[in-house]
file work22.txt (compact mmCIF, C-alpha atoms)
# COMPACT_ATOMS: atom_id res chain seq x y z
CA MET A 1 -40.06 5.46 96.09
CA CYS A 2 -38.95 5.58 92.46
CA LEU A 3 -39.99 7.37 89.31
CA VAL A 4 -39.94 6.36 85.62
CA VAL A 5 -41.29 8.30 82.65
CA LEU A 6 -41.17 6.62 79.27
CA ALA A 7 -42.02 7.63 75.72
CA PHE A 8 -42.73 4.70 73.39
CA ASP A 9 -43.03 5.40 69.64
CA ALA A 10 -43.89 8.99 70.54
CA HIS A 11 -40.87 10.68 68.90
CA PRO A 12 -39.85 10.53 65.23
CA GLU A 13 -36.17 9.89 66.01
CA PHE A 14 -36.31 7.99 69.31
CA PRO A 15 -38.78 5.07 69.48
CA LEU A 16 -37.80 4.62 73.14
CA ILE A 17 -37.00 7.35 75.67
CA VAL A 18 -36.69 6.51 79.35
CA ALA A 19 -35.91 8.78 82.30
CA GLY A 20 -35.88 7.23 85.75
CA ASN A 21 -34.85 7.90 89.34
CA ARG A 22 -33.87 5.08 91.65
CA ASP A 23 -34.69 5.89 95.28
CA GLU A 24 -33.13 3.66 97.92
CA PHE A 25 -31.44 3.63 101.30
CA HIS A 26 -27.96 5.13 100.93
CA ALA A 27 -26.41 2.28 102.90
CA ARG A 28 -27.63 -0.42 100.49
CA PRO A 29 -24.64 -1.69 98.48
CA THR A 30 -24.93 -1.00 94.75
CA GLN A 31 -22.78 -1.55 91.68
CA ASP A 32 -22.48 1.37 89.28
CA ALA A 33 -24.01 0.97 85.83
CA ALA A 34 -21.74 -1.10 83.58
CA TRP A 35 -21.73 -4.14 81.34
CA TRP A 36 -22.22 -7.08 83.69
CA PRO A 37 -19.16 -9.29 84.18
CA ASP A 38 -21.30 -12.46 84.26
CA ASP A 39 -23.36 -11.46 81.19
CA ALA A 40 -21.57 -9.04 78.88
CA ASN A 41 -24.79 -8.35 76.96
CA ILE A 42 -26.57 -6.68 79.93
CA LEU A 43 -25.98 -3.05 80.81
CA GLY A 44 -27.21 -1.51 84.07
CA GLY A 45 -26.59 -1.00 87.74
CA ARG A 46 -26.87 -3.83 90.21
CA ASP A 47 -28.20 -4.32 93.70
CA LEU A 48 -25.36 -6.11 95.48
CA LEU A 49 -27.59 -7.23 98.33
CA ALA A 50 -30.03 -9.32 96.26
CA GLY A 51 -28.23 -9.44 92.90
CA GLY A 52 -30.98 -7.96 90.75
CA THR A 53 -31.40 -4.59 89.09
CA TRP A 54 -34.01 -1.84 88.85
CA LEU A 55 -33.35 -0.77 85.23
CA ALA A 56 -31.22 -2.36 82.52
CA MET A 57 -30.81 -3.02 78.79
CA HIS A 58 -29.61 -5.88 76.60
CA ARG A 59 -27.38 -5.38 73.56
CA ASN A 60 -30.23 -6.65 71.38
CA GLY A 61 -32.35 -3.62 72.39
CA ARG A 62 -34.48 -5.23 75.11
CA PHE A 63 -35.23 -2.98 78.07
CA ALA A 64 -36.85 -3.50 81.47
CA THR A 65 -37.44 -1.61 84.68
CA VAL A 66 -39.21 -2.44 87.95
CA THR A 67 -40.53 -0.39 90.86
CA ASN A 68 -41.83 -1.47 94.24
CA TYR A 69 -45.47 -0.98 95.09
CA ARG A 70 -45.99 1.33 98.06
CA ASP A 71 -47.81 -0.09 101.09
CA ALA A 72 -48.32 -3.48 99.47
CA GLU A 73 -49.53 -6.08 101.93
CA ALA A 74 -46.80 -8.41 103.14
CA LYS A 75 -46.92 -11.89 101.62
CA SER A 76 -46.06 -14.98 103.61
CA GLY A 77 -43.07 -17.16 102.87
CA LYS A 78 -39.68 -16.42 101.33
CA LEU A 79 -39.99 -14.10 98.35
CA ARG A 80 -37.75 -13.66 95.32
CA SER A 81 -36.05 -10.35 94.66
CA ARG A 82 -38.10 -8.20 92.29
CA GLY A 83 -34.88 -7.09 90.61
CA HIS A 84 -34.48 -10.53 89.05
CA LEU A 85 -37.60 -9.91 86.94
CA VAL A 86 -35.62 -7.34 84.94
CA ALA A 87 -32.59 -9.55 84.26
CA GLU A 88 -34.69 -12.59 83.43
CA PHE A 89 -36.64 -10.68 80.79
CA LEU A 90 -33.44 -9.37 79.22
CA GLN A 91 -32.04 -12.90 79.04
CA SER A 92 -35.29 -14.32 77.66
CA LYS A 93 -36.24 -14.61 74.00
CA LEU A 94 -39.97 -14.32 74.75
CA SER A 95 -42.02 -11.35 73.56
CA PRO A 96 -42.74 -8.78 76.30
CA ILE A 97 -46.36 -9.91 76.76
CA ASP A 98 -45.47 -13.62 76.76
CA TYR A 99 -42.74 -13.09 79.33
CA LEU A 100 -45.15 -11.28 81.64
CA ARG A 101 -47.78 -14.02 81.22
CA GLY A 102 -45.30 -16.56 82.52
CA ILE A 103 -44.51 -14.76 85.81
CA ASP A 104 -45.83 -16.28 89.03
CA ASP A 105 -46.50 -12.96 90.73
CA THR A 106 -47.20 -14.61 94.09
CA LEU A 107 -43.44 -15.19 94.46
CA TYR A 108 -42.73 -11.44 94.77
CA ALA A 109 -43.60 -8.54 97.01
CA GLY A 110 -45.63 -5.78 95.31
CA PHE A 111 -44.11 -4.72 91.99
CA ASN A 112 -44.66 -2.80 88.77
CA LEU A 113 -42.78 -4.08 85.74
CA LEU A 114 -42.28 -2.53 82.30
CA VAL A 115 -40.57 -4.61 79.59
CA ALA A 116 -39.85 -3.76 75.96
CA ASP A 117 -38.17 -5.07 72.87
CA ARG A 118 -37.54 -3.13 69.66
CA GLY A 119 -41.21 -2.70 68.81
CA ARG A 120 -43.37 -3.80 71.76
CA LEU A 121 -43.92 -2.58 75.31
CA ALA A 122 -45.85 -4.37 78.06
CA TYR A 123 -46.73 -3.83 81.71
CA LEU A 124 -47.64 -5.95 84.72
CA SER A 125 -48.23 -5.31 88.41
CA ASN A 126 -49.17 -7.86 91.06
CA GLU A 127 -51.05 -5.14 92.94
CA GLY A 128 -53.97 -4.52 90.61
CA GLY A 129 -52.08 -3.43 87.49
CA GLU A 130 -53.62 -5.41 84.66
CA LEU A 131 -51.31 -7.30 82.29
CA ARG A 132 -51.37 -5.42 79.01
CA GLU A 133 -49.41 -4.58 75.90
CA LEU A 134 -49.11 -0.81 75.63
CA PRO A 135 -49.68 1.30 72.52
CA ALA A 136 -47.52 4.25 71.52
CA GLY A 137 -47.59 7.01 74.10
CA ILE A 138 -46.05 8.58 77.18
CA TYR A 139 -46.25 6.66 80.46
CA GLY A 140 -45.39 7.38 84.07
CA LEU A 141 -44.65 4.96 86.87
CA SER A 142 -43.80 5.41 90.51
CA ASN A 143 -44.83 3.17 93.40
CA ALA A 144 -48.48 2.75 92.47
CA THR A 145 -49.90 1.31 89.25
CA LEU A 146 -49.03 2.69 85.82
CA ASP A 147 -50.06 6.34 85.27
CA ALA A 148 -51.44 6.68 88.82
CA PRO A 149 -52.42 10.35 89.28
CA TRP A 150 -49.64 11.28 91.70
CA GLU A 151 -48.34 14.80 91.21
CA LYS A 152 -44.73 13.69 90.57
CA VAL A 153 -45.92 11.31 87.84
CA LYS A 154 -48.28 13.79 86.18
CA ARG A 155 -45.74 16.61 86.29
CA SER A 156 -42.90 14.50 84.92
CA LYS A 157 -45.04 13.10 82.09
CA ALA A 158 -46.15 16.60 81.14
CA ARG A 159 -42.56 17.83 81.06
CA LEU A 160 -41.48 14.94 78.87
CA GLN A 161 -44.33 15.73 76.48
CA VAL A 162 -43.17 19.36 76.29
CA LEU A 163 -39.60 18.28 75.48
CA ILE A 164 -40.88 16.03 72.69
CA ASP A 165 -43.17 18.73 71.31
CA GLN A 166 -40.32 21.26 71.32
CA GLY A 167 -37.83 18.84 69.75
CA ASP A 168 -35.59 19.27 72.79
CA VAL A 169 -35.09 15.69 73.97
CA ASN A 170 -31.51 15.28 75.16
CA GLN A 171 -29.71 14.00 78.23
CA THR A 172 -29.33 17.45 79.75
CA GLN A 173 -33.04 18.21 79.57
CA LEU A 174 -34.05 14.75 80.77
CA LEU A 175 -31.73 15.05 83.78
CA ARG A 176 -33.33 18.40 84.61
CA LEU A 177 -36.73 16.72 84.48
CA LEU A 178 -35.54 14.06 86.91
CA GLY A 179 -33.85 16.61 89.17
CA ASP A 180 -37.17 18.23 90.16
CA ARG A 181 -37.14 18.55 93.97
CA GLU A 182 -40.55 20.18 94.31
CA LYS A 183 -42.70 18.21 96.74
CA GLY A 184 -46.21 17.02 95.95
CA PRO A 185 -49.42 18.38 97.53
CA LEU A 186 -50.19 17.73 101.18
CA ASN A 187 -53.05 15.35 100.33
CA GLU A 188 -50.46 12.88 98.99
CA VAL A 189 -48.73 12.63 102.37
CA ARG A 190 -49.57 9.34 104.10
CA PRO A 191 -49.99 9.99 107.84
CA GLY A 192 -48.72 7.66 110.52
CA ARG A 193 -46.29 5.27 108.83
CA LEU A 194 -43.47 7.81 108.47
CA PRO A 195 -42.63 11.11 110.17
CA TYR A 196 -44.47 13.91 108.40
CA ALA A 197 -41.32 15.57 106.99
CA THR A 198 -40.13 12.28 105.53
CA ALA A 199 -43.55 11.40 104.10
CA HIS A 200 -43.72 14.81 102.43
CA ALA A 201 -40.14 14.62 101.09
CA ILE A 202 -40.79 11.38 99.19
CA THR A 203 -43.57 13.02 97.16
CA ALA A 204 -40.89 14.88 95.14
CA PRO A 205 -39.51 13.40 91.89
CA PHE A 206 -35.98 13.79 93.32
CA ILE A 207 -35.74 12.86 97.00
CA VAL A 208 -33.12 14.17 99.41
CA LEU A 209 -33.07 12.67 102.92
CA PRO A 210 -30.14 11.71 105.18
CA ASP A 211 -30.73 7.94 105.09
CA TYR A 212 -32.84 7.48 101.96
CA GLY A 213 -33.18 9.28 98.67
CA THR A 214 -32.49 9.40 94.96
CA ARG A 215 -29.36 7.34 94.47
CA CYS A 216 -29.17 7.72 90.70
CA SER A 217 -30.90 9.10 87.62
CA SER A 218 -30.88 6.98 84.45
CA ILE A 219 -31.49 8.03 80.85
CA VAL A 220 -32.09 5.67 77.93
CA GLN A 221 -32.49 6.91 74.37
CA MET A 222 -32.82 4.42 71.52
CA ARG A 223 -32.70 5.80 68.00
CA SER A 224 -34.69 4.41 65.11
CA ASP A 225 -31.47 2.95 63.63
CA GLY A 226 -30.87 0.99 66.84
CA ARG A 227 -28.20 3.25 68.31
CA CYS A 228 -28.62 3.40 72.10
CA GLU A 229 -27.38 5.97 74.57
CA PHE A 230 -27.33 5.06 78.27
CA LEU A 231 -26.50 7.46 81.10
CA GLU A 232 -26.47 6.91 84.85
CA ARG A 233 -25.74 9.88 87.13
CA ARG A 234 -25.24 9.07 90.82
CA PHE A 235 -25.85 11.19 93.91
CA ASP A 236 -24.78 11.20 97.55
CA ALA A 237 -27.02 11.63 100.59
CA SER A 238 -26.94 15.42 100.23
CA GLY A 239 -28.23 15.21 96.65
CA LYS A 240 -24.88 16.18 95.10
CA GLN A 241 -23.54 14.35 92.05
CA SER A 242 -21.08 11.65 93.08
CA GLY A 243 -20.40 9.83 89.83
CA GLU A 244 -21.53 9.15 86.28
CA SER A 245 -21.46 6.38 83.68
CA ARG A 246 -22.09 6.90 79.95
CA MET A 247 -22.31 4.11 77.41
CA SER A 248 -23.47 3.77 73.82
CA PHE A 249 -23.97 0.73 71.62
CA SER A 250 -25.83 -0.50 68.56
CA ALA A 251 -28.76 -2.76 69.39
CA GLY A 252 -28.47 -6.18 67.81
CA VAL A 253 -24.70 -6.50 68.14
CA ASN A 254 -24.18 -9.10 70.89
CA ARG A 255 -20.94 -10.18 72.56
call {"tool": "encode", "arguments": {"input": "work22.txt", "output": "structure tokens"}}
result
Amino acid sequence: MCLVVLAFDAHPEFPLIVAGNRDEFHARPTQDAAWWPDDANILGGRDLLAGGTWLAMHRNGRFATVTNYRDAEAKSGKLRSRGHLVAEFLQSKLSPIDYLRGIDDTLYAGFNLLVADRGRLAYLSNEGGELRELPAGIYGLSNATLDAPWEKVKRSKARLQVLIDQGDVNQTQLLRLLGDREKGPLNEVRPGRLPYATAHAITAPFIVLPDYGTRCSSIVQMRSDGRCEFLERRFDASGKQSGESRMSFSAGVNR
């Protein structure tokens, strides 16, 4: 399970605001967010098992994030890692919508993908999420299609809207939004596949379980002048902070 809330052209100072939690097994090897050694223009964490990433930026201001689709039917054959969809968009020069049009979604297990450049945002899922370019607004994504009415998505979107309305959008407040450990209603618990306590725990925006949970929270804020602030805060299996990375750069200045 993962969670992303995103404001696109919904704030006078920040045309792009992203707050996201990456939920994963604690044993899965991961590289902390940094500029990639094999592509110094990409900033983000990295899955060391498959080589992709769940959320990253390019120095030119391109942004992408992907989530898995819960309970997607297994596809036959060898599948590509969904995390490569993020890196390949960042390295592409295609517009967001044109990049998504070119994806052969049969090569991947169920995914939701959001991609943006400095003016356009687009979305695609291979599990019923229609390819579309998105207008200005606030969006929420977990492990169903965009803006699915899960409690964690609705609550997080509403809290982001309040921060924008109050002029209180900063890293501290966005981390508090992502740190919400309140579980969702019982009707969101899927019986059978997981033990009840586990199935209920993953309905929270921030998940704490011994083997699986929120590994990191990421914040992206891009200002109208192109200045970008990127924060990744990492957590251990008990939900305690275990590390942090902070970077800033001006979009459009490549290395």
call {"tool": "closest_residue", "arguments": {"input": "work22.txt", "among": "A:Asp98, A:Glu232, A:Glu244, A:Asp105", "to": "Leu43 in chain A", "atoms": "all atoms listed in the file"}}
result
A:Glu232
call {"tool": "closest_residue", "arguments": {"input": "work22.txt", "among": "A:Ser248, A:Ser242, A:Thr145, A:Thr172", "to": "Val66 in chain A", "atoms": "all atoms listed in the file"}}
result
A:Thr145
call {"tool": "closest_residue", "arguments": {"input": "work22.txt", "among": "A:Asp104, A:Glu229, A:Glu88, A:Asp39", "to": "Gln171 in chain A", "atoms": "all atoms listed in the file"}}
result
A:Glu229
call {"tool": "closest_residue", "arguments": {"input": "work22.txt", "among": "A:Val4, A:Ala237, A:Asp47, A:Leu209", "to": "Ala148 in chain A", "atoms": "only C-alpha atoms"}}
result
A:Val4
call {"tool": "residues_around", "arguments": {"input": "work22.txt", "residues": "Tyr108 in chain A", "least_positions_apart": "5", "cutoff": "7 Å", "atoms": "all atoms listed in the file", "output": "VMD selection string"}}
result
chain A and resid 79 to 82
call {"tool": "closest_residue", "arguments": {"input": "work22.txt", "among": "A:His11, A:Trp36, A:Gly44, A:Gly140", "to": "Leu231 in chain A", "atoms": "only C-alpha atoms"}}
result
A:Gly44
call {"tool": "build_atoms", "arguments": {"input": "work22.txt", "residues": "range 95-125 of chain A", "atoms": "N, CA and C atoms", "output": "PDB file, in the coordinates of the input"}}
result
ATOM      1  N   SER A  95     -41.496 -12.703  73.771  1.00  0.00           N
ATOM      2  CA  SER A  95     -42.020 -11.350  73.560  1.00  0.00           C
ATOM      3  C   SER A  95     -42.336 -10.743  74.923  1.00  0.00           C
ATOM      4  N   PRO A  96     -42.417  -9.411  75.008  1.00  0.00           N
ATOM      5  CA  PRO A  96     -42.740  -8.780  76.300  1.00  0.00           C
ATOM      6  C   PRO A  96     -44.017  -9.337  76.934  1.00  0.00           C
ATOM      7  N   ILE A  97     -45.096  -9.467  76.171  1.00  0.00           N
ATOM      8  CA  ILE A  97     -46.360  -9.910  76.760  1.00  0.00           C
ATOM      9  C   ILE A  97     -46.278 -11.378  77.176  1.00  0.00           C
ATOM     10  N   ASP A  98     -45.591 -12.206  76.404  1.00  0.00           N
ATOM     11  CA  ASP A  98     -45.470 -13.620  76.760  1.00  0.00           C
ATOM     12  C   ASP A  98     -44.602 -13.813  77.996  1.00  0.00           C
ATOM     13  N   TYR A  99     -43.563 -13.013  78.119  1.00  0.00           N
ATOM     14  CA  TYR A  99     -42.740 -13.090  79.330  1.00  0.00           C
ATOM     15  C   TYR A  99     -43.563 -12.740  80.568  1.00  0.00           C
ATOM     16  N   LEU A 100     -44.342 -11.681  80.482  1.00  0.00           N
ATOM     17  CA  LEU A 100     -45.150 -11.280  81.640  1.00  0.00           C
ATOM     18  C   LEU A 100     -46.201 -12.328  81.975  1.00  0.00           C
ATOM     19  N   ARG A 101     -46.779 -12.970  80.974  1.00  0.00           N
ATOM     20  CA  ARG A 101     -47.780 -14.020  81.220  1.00  0.00           C
ATOM     21  C   ARG A 101     -47.190 -15.174  82.021  1.00  0.00           C
ATOM     22  N   GLY A 102     -45.918 -15.420  81.872  1.00  0.00           N
ATOM     23  CA  GLY A 102     -45.300 -16.560  82.520  1.00  0.00           C
ATOM     24  C   GLY A 102     -44.830 -16.301  83.949  1.00  0.00           C
ATOM     25  N   ILE A 103     -44.989 -15.081  84.459  1.00  0.00           N
ATOM     26  CA  ILE A 103     -44.510 -14.760  85.810  1.00  0.00           C
ATOM     27  C   ILE A 103     -45.510 -15.252  86.855  1.00  0.00           C
ATOM     28  N   ASP A 104     -45.016 -15.932  87.853  1.00  0.00           N
ATOM     29  CA  ASP A 104     -45.830 -16.280  89.030  1.00  0.00           C
ATOM     30  C   ASP A 104     -45.696 -15.124  90.008  1.00  0.00           C
ATOM     31  N   ASP A 105     -46.655 -14.200  89.955  1.00  0.00           N
ATOM     32  CA  ASP A 105     -46.500 -12.960  90.730  1.00  0.00           C
ATOM     33  C   ASP A 105     -46.679 -13.160  92.230  1.00  0.00           C
ATOM     34  N   THR A 106     -47.086 -14.353  92.660  1.00  0.00           N
ATOM     35  CA  THR A 106     -47.200 -14.610  94.090  1.00  0.00           C
ATOM     36  C   THR A 106     -45.828 -14.809  94.741  1.00  0.00           C
ATOM     37  N   LEU A 107     -44.787 -14.956  93.931  1.00  0.00           N
ATOM     38  CA  LEU A 107     -43.440 -15.190  94.460  1.00  0.00           C
ATOM     39  C   LEU A 107     -42.723 -13.897  94.811  1.00  0.00           C
ATOM     40  N   TYR A 108     -43.389 -12.731  94.599  1.00  0.00           N
ATOM     41  CA  TYR A 108     -42.730 -11.440  94.770  1.00  0.00           C
ATOM     42  C   TYR A 108     -43.576 -10.514  95.636  1.00  0.00           C
ATOM     43  N   ALA A 109     -42.904  -9.653  96.375  1.00  0.00           N
ATOM     44  CA  ALA A 109     -43.600  -8.540  97.010  1.00  0.00           C
ATOM     45  C   ALA A 109     -44.140  -7.617  95.919  1.00  0.00           C
ATOM     46  N   GLY A 110     -44.962  -6.631  96.293  1.00  0.00           N
ATOM     47  CA  GLY A 110     -45.630  -5.780  95.310  1.00  0.00           C
ATOM     48  C   GLY A 110     -44.675  -5.143  94.320  1.00  0.00           C
ATOM     49  N   PHE A 111     -44.992  -5.275  93.021  1.00  0.00           N
ATOM     50  CA  PHE A 111     -44.110  -4.720  91.990  1.00  0.00           C
ATOM     51  C   PHE A 111     -44.905  -4.156  90.826  1.00  0.00           C
ATOM     52  N   ASN A 112     -44.236  -3.278  90.081  1.00  0.00           N
ATOM     53  CA  ASN A 112     -44.660  -2.800  88.770  1.00  0.00           C
ATOM     54  C   ASN A 112     -43.520  -3.080  87.810  1.00  0.00           C
ATOM     55  N   LEU A 113     -43.823  -3.665  86.663  1.00  0.00           N
ATOM     56  CA  LEU A 113     -42.780  -4.080  85.740  1.00  0.00           C
ATOM     57  C   LEU A 113     -43.123  -3.627  84.326  1.00  0.00           C
ATOM     58  N   LEU A 114     -42.185  -2.927  83.699  1.00  0.00           N
ATOM     59  CA  LEU A 114     -42.280  -2.530  82.300  1.00  0.00           C
ATOM     60  C   LEU A 114     -41.181  -3.242  81.523  1.00  0.00           C
ATOM     61  N   VAL A 115     -41.547  -3.898  80.415  1.00  0.00           N
ATOM     62  CA  VAL A 115     -40.570  -4.610  79.590  1.00  0.00           C
ATOM     63  C   VAL A 115     -40.816  -4.265  78.126  1.00  0.00           C
ATOM     64  N   ALA A 116     -39.729  -4.159  77.370  1.00  0.00           N
ATOM     65  CA  ALA A 116     -39.850  -3.760  75.960  1.00  0.00           C
ATOM     66  C   ALA A 116     -38.799  -4.450  75.119  1.00  0.00           C
ATOM     67  N   ASP A 117     -39.166  -4.720  73.866  1.00  0.00           N
ATOM     68  CA  ASP A 117     -38.170  -5.070  72.870  1.00  0.00           C
ATOM     69  C   ASP A 117     -38.215  -3.972  71.807  1.00  0.00           C
ATOM     70  N   ARG A 118     -37.604  -4.193  70.673  1.00  0.00           N
ATOM     71  CA  ARG A 118     -37.540  -3.130  69.660  1.00  0.00           C
ATOM     72  C   ARG A 118     -38.839  -3.071  68.853  1.00  0.00           C
ATOM     73  N   GLY A 119     -39.941  -2.826  69.518  1.00  0.00           N
ATOM     74  CA  GLY A 119     -41.210  -2.700  68.810  1.00  0.00           C
ATOM     75  C   GLY A 119     -42.419  -2.934  69.681  1.00  0.00           C
ATOM     76  N   ARG A 120     -42.223  -3.507  70.886  1.00  0.00           N
ATOM     77  CA  ARG A 120     -43.370  -3.800  71.760  1.00  0.00           C
ATOM     78  C   ARG A 120     -43.024  -3.422  73.198  1.00  0.00           C
ATOM     79  N   LEU A 121     -44.048  -2.975  73.907  1.00  0.00           N
ATOM     80  CA  LEU A 121     -43.920  -2.580  75.310  1.00  0.00           C
ATOM     81  C   LEU A 121     -45.072  -3.181  76.081  1.00  0.00           C
ATOM     82  N   ALA A 122     -44.792  -3.752  77.261  1.00  0.00           N
ATOM     83  CA  ALA A 122     -45.850  -4.370  78.060  1.00  0.00           C
ATOM     84  C   ALA A 122     -45.634  -4.075  79.526  1.00  0.00           C
ATOM     85  N   TYR A 123     -46.726  -4.219  80.290  1.00  0.00           N
ATOM     86  CA  TYR A 123     -46.730  -3.830  81.710  1.00  0.00           C
ATOM     87  C   TYR A 123     -47.475  -4.868  82.530  1.00  0.00           C
ATOM     88  N   LEU A 124     -46.981  -5.076  83.760  1.00  0.00           N
ATOM     89  CA  LEU A 124     -47.640  -5.950  84.720  1.00  0.00           C
ATOM     90  C   LEU A 124     -47.367  -5.452  86.128  1.00  0.00           C
ATOM     91  N   SER A 125     -48.394  -5.504  86.972  1.00  0.00           N
ATOM     92  CA  SER A 125     -48.230  -5.310  88.410  1.00  0.00           C
ATOM     93  C   SER A 125     -48.969  -6.440  89.118  1.00  0.00           C
TER      94      SER A 125
END
